[in-house]
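See below for the structure under consideration.
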Amino acid sequence: MRTQTPRDVVVQPLDERRYALSIDGIVRYVGTEEECQRRLAMLAPKKDRADQDKALARLGRILR
């Protein structure tokens, strides 16, 4: 099974305080700019396994 990587991940402003994180043109998350940038960092392809592990741990803390 081959995994697909998102081709187009974008953070777009909606209004003064809300931003949207869209993947391939589909909005996946709406929140503050900082939250969207954090999620963008988690979704960005990384070569370093340590960075991936940190992002996964951060996501686990957010979802609790």
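Identifiers in the structure tokens: chain A, B, ... in order shown; residue index from 1 per chain; ligand index from 1 in order shown.
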
Please list as a tab-separated table (two decimals) with N, CA, C and O atoms, in the first residue's frame every residue within 12 Å of Ile62 (chain A), counting only C-alpha atoms and excluding residues in the same chain fewer than 5 positions away.
```tsv
chain	number	residue	atom	x	y	z
A	35	GLU	N	-2.41	28.04	15.73
A	35	GLU	CA	-2.86	26.65	15.69
A	35	GLU	C	-2.71	26.07	14.29
A	35	GLU	O	-2.28	24.93	14.12
A	38	ARG	N	0.92	25.42	13.54
A	38	ARG	CA	1.38	24.23	14.26
A	38	ARG	C	0.96	22.95	13.52
A	38	ARG	O	1.74	22.02	13.36
A	39	ARG	N	-0.28	22.92	13.08
A	39	ARG	CA	-0.76	21.75	12.34
A	39	ARG	C	-0.07	21.63	10.99
A	39	ARG	O	0.19	20.53	10.52
A	55	ALA	N	6.38	15.94	16.75
A	55	ALA	CA	5.09	16.41	16.24
A	55	ALA	C	3.97	15.47	16.67
A	55	ALA	O	2.88	15.91	17.03
A	56	LEU	N	4.22	14.18	16.66
A	56	LEU	CA	3.22	13.20	17.08
A	56	LEU	C	2.92	13.34	18.56
A	56	LEU	O	1.76	13.29	18.98
A	57	ALA	N	3.93	13.56	19.39
A	57	ALA	CA	3.73	13.75	20.82
A	57	ALA	C	2.94	15.03	21.07
A	57	ALA	O	2.04	15.07	21.92
```

| query | Please, which residues of chain A, numbered as in this document, come out alpha helix (DSSP H) from DSSP, as JSON, numbers by chain? | reply | {"A": [33, 34, 35, 36, 37, 38, 39, 40, 41, 42, 43, 49, 50, 51, 52, 53, 54, 55, 56, 57, 58, 59, 60, 61, 62, 63]}

| said: Considering only C-alpha atoms, can you say which of A:Val9, A:Leu63, A:Leu21, A:Ala50 comes closest to Glu34 (chain A)? | reply: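 Using only C-alpha atoms, Glu34 (chain A) sits closest to A:Leu21.
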
| Which residues come within 9 Å of Gln12 (chain A), counting only C-alpha atoms, excluding same-chain residues fewer than 2 positions away, as a PyMOL selection string? | chain A and resi 10+14+18-22+33

| task | Looking only at strand (DSSP E or B) from DSSP on the backbone, list the matching residues of region 13-52 of chain A as an NGL selection string. | result | :A and (13 or 19-23 or 26-31)

Writing out the chosen residues with all heavy atoms as an mmCIF file, in the first residue's frame:
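Contents of again_9.cif, as written:
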```cif
data_model
loop_
_atom_site.group_PDB
_atom_site.id
_atom_site.type_symbol
_atom_site.label_atom_id
_atom_site.label_comp_id
_atom_site.auth_asym_id
_atom_site.auth_seq_id
_atom_site.Cartn_x
_atom_site.Cartn_y
_atom_site.Cartn_z
ATOM 1 N N PRO A 13 -6.231 33.145 5.537
ATOM 2 C CA PRO A 13 -6.998 33.945 6.494
ATOM 3 C C PRO A 13 -8.487 33.954 6.132
ATOM 4 O O PRO A 13 -8.848 34.065 4.959
ATOM 5 C CB PRO A 13 -6.390 35.339 6.369
ATOM 6 C CG PRO A 13 -5.756 35.370 5.023
ATOM 7 C CD PRO A 13 -5.369 33.959 4.692
ATOM 8 N N TYR A 19 -8.277 31.433 10.829
ATOM 9 C CA TYR A 19 -7.537 30.980 9.654
ATOM 10 C C TYR A 19 -7.984 29.565 9.327
ATOM 11 O O TYR A 19 -8.447 28.835 10.200
ATOM 12 C CB TYR A 19 -6.032 30.998 9.929
ATOM 13 C CG TYR A 19 -5.460 32.391 9.971
ATOM 14 C CD1 TYR A 19 -5.647 33.199 11.076
ATOM 15 C CD2 TYR A 19 -4.747 32.900 8.894
ATOM 16 C CE1 TYR A 19 -5.140 34.489 11.116
ATOM 17 C CE2 TYR A 19 -4.225 34.184 8.926
ATOM 18 C CZ TYR A 19 -4.428 34.966 10.036
ATOM 19 O OH TYR A 19 -3.929 36.234 10.067
ATOM 20 N N ALA A 20 -7.841 29.189 8.070
ATOM 21 C CA ALA A 20 -8.219 27.848 7.625
ATOM 22 C C ALA A 20 -6.991 27.125 7.096
ATOM 23 O O ALA A 20 -6.191 27.704 6.359
ATOM 24 C CB ALA A 20 -9.274 27.927 6.531
ATOM 25 N N LEU A 21 -6.851 25.870 7.482
ATOM 26 C CA LEU A 21 -5.799 25.008 6.952
ATOM 27 C C LEU A 21 -6.455 24.123 5.905
ATOM 28 O O LEU A 21 -7.371 23.359 6.220
ATOM 29 C CB LEU A 21 -5.192 24.151 8.067
ATOM 30 C CG LEU A 21 -4.147 23.141 7.614
ATOM 31 C CD1 LEU A 21 -2.878 23.872 7.201
ATOM 32 C CD2 LEU A 21 -3.856 22.152 8.707
ATOM 33 N N SER A 22 -6.032 24.277 4.661
ATOM 34 C CA SER A 22 -6.629 23.482 3.594
ATOM 35 C C SER A 22 -5.586 22.567 2.972
ATOM 36 O O SER A 22 -4.424 22.939 2.828
ATOM 37 C CB SER A 22 -7.255 24.375 2.529
ATOM 38 O OG SER A 22 -6.282 25.172 1.922
ATOM 39 N N ILE A 23 -6.032 21.377 2.641
ATOM 40 C CA ILE A 23 -5.184 20.389 1.987
ATOM 41 C C ILE A 23 -5.822 20.057 0.654
ATOM 42 O O ILE A 23 -6.973 19.610 0.607
ATOM 43 C CB ILE A 23 -5.043 19.118 2.851
ATOM 44 C CG1 ILE A 23 -4.439 19.480 4.207
ATOM 45 C CG2 ILE A 23 -4.195 18.070 2.128
ATOM 46 C CD1 ILE A 23 -4.425 18.333 5.193
ATOM 47 N N ILE A 26 -9.294 21.533 0.127
ATOM 48 C CA ILE A 26 -10.359 21.174 1.057
ATOM 49 C C ILE A 26 -9.971 21.651 2.445
ATOM 50 O O ILE A 26 -8.913 21.294 2.961
ATOM 51 C CB ILE A 26 -10.601 19.649 1.073
ATOM 52 C CG1 ILE A 26 -10.988 19.181 -0.327
ATOM 53 C CG2 ILE A 26 -11.664 19.278 2.097
ATOM 54 C CD1 ILE A 26 -11.038 17.691 -0.489
ATOM 55 N N VAL A 27 -10.829 22.461 3.071
ATOM 56 C CA VAL A 27 -10.546 22.984 4.405
ATOM 57 C C VAL A 27 -10.647 21.840 5.412
ATOM 58 O O VAL A 27 -11.659 21.143 5.490
ATOM 59 C CB VAL A 27 -11.520 24.125 4.780
ATOM 60 C CG1 VAL A 27 -11.322 24.546 6.223
ATOM 61 C CG2 VAL A 27 -11.329 25.302 3.849
ATOM 62 N N ARG A 28 -9.555 21.651 6.157
ATOM 63 C CA ARG A 28 -9.498 20.567 7.132
ATOM 64 C C ARG A 28 -9.547 21.051 8.570
ATOM 65 O O ARG A 28 -9.884 20.303 9.462
ATOM 66 C CB ARG A 28 -8.207 19.758 6.944
ATOM 67 C CG ARG A 28 -8.070 19.126 5.614
ATOM 68 C CD ARG A 28 -9.112 18.083 5.423
ATOM 69 N NE ARG A 28 -8.920 17.424 4.144
ATOM 70 C CZ ARG A 28 -9.502 16.315 3.807
ATOM 71 N NH1 ARG A 28 -10.323 15.728 4.641
ATOM 72 N NH2 ARG A 28 -9.302 15.798 2.626
ATOM 73 N N TYR A 29 -9.179 22.319 8.798
ATOM 74 C CA TYR A 29 -9.136 22.837 10.163
ATOM 75 C C TYR A 29 -9.302 24.345 10.132
ATOM 76 O O TYR A 29 -8.772 25.019 9.244
ATOM 77 C CB TYR A 29 -7.797 22.482 10.822
ATOM 78 C CG TYR A 29 -7.678 22.979 12.235
ATOM 79 C CD1 TYR A 29 -8.330 22.329 13.276
ATOM 80 C CD2 TYR A 29 -6.956 24.123 12.528
ATOM 81 C CE1 TYR A 29 -8.237 22.794 14.569
ATOM 82 C CE2 TYR A 29 -6.860 24.591 13.827
ATOM 83 C CZ TYR A 29 -7.506 23.924 14.836
ATOM 84 O OH TYR A 29 -7.428 24.387 16.114
ATOM 85 N N VAL A 30 -10.049 24.892 11.100
ATOM 86 C CA VAL A 30 -10.217 26.332 11.256
ATOM 87 C C VAL A 30 -9.840 26.683 12.682
ATOM 88 O O VAL A 30 -10.309 26.048 13.631
ATOM 89 C CB VAL A 30 -11.673 26.778 10.962
ATOM 90 C CG1 VAL A 30 -11.860 28.250 11.265
ATOM 91 C CG2 VAL A 30 -12.039 26.470 9.525
ATOM 92 N N GLY A 31 -8.978 27.673 12.856
ATOM 93 C CA GLY A 31 -8.548 28.099 14.178
ATOM 94 C C GLY A 31 -7.698 29.350 14.079
ATOM 95 O O GLY A 31 -7.697 30.039 13.052
#
```

| query | Which value, in Å to one decimal, gives the distance between CA of Pro45 (chain A) and CA of Glu16 (chain A)? | reply |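 Interatomic distance, CA of Pro45 (chain A) to CA of Glu16 (chain A): 28.8 Å.
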
| task | Using only C-alpha atoms, pick whichever of A:Gly25, A:Gln37, A:Arg58, A:Met42 has the shortest atom-to-atom distance to Asp8 (chain A). | result |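 Nearest candidate to Asp8 (chain A) out of A:Gly25, A:Gln37, A:Arg58, A:Met42: A:Gly25.
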
| remark: Here CA of Gly60 (chain A) and CA of Asp24 (chain A) stand apart by 24.4 Å
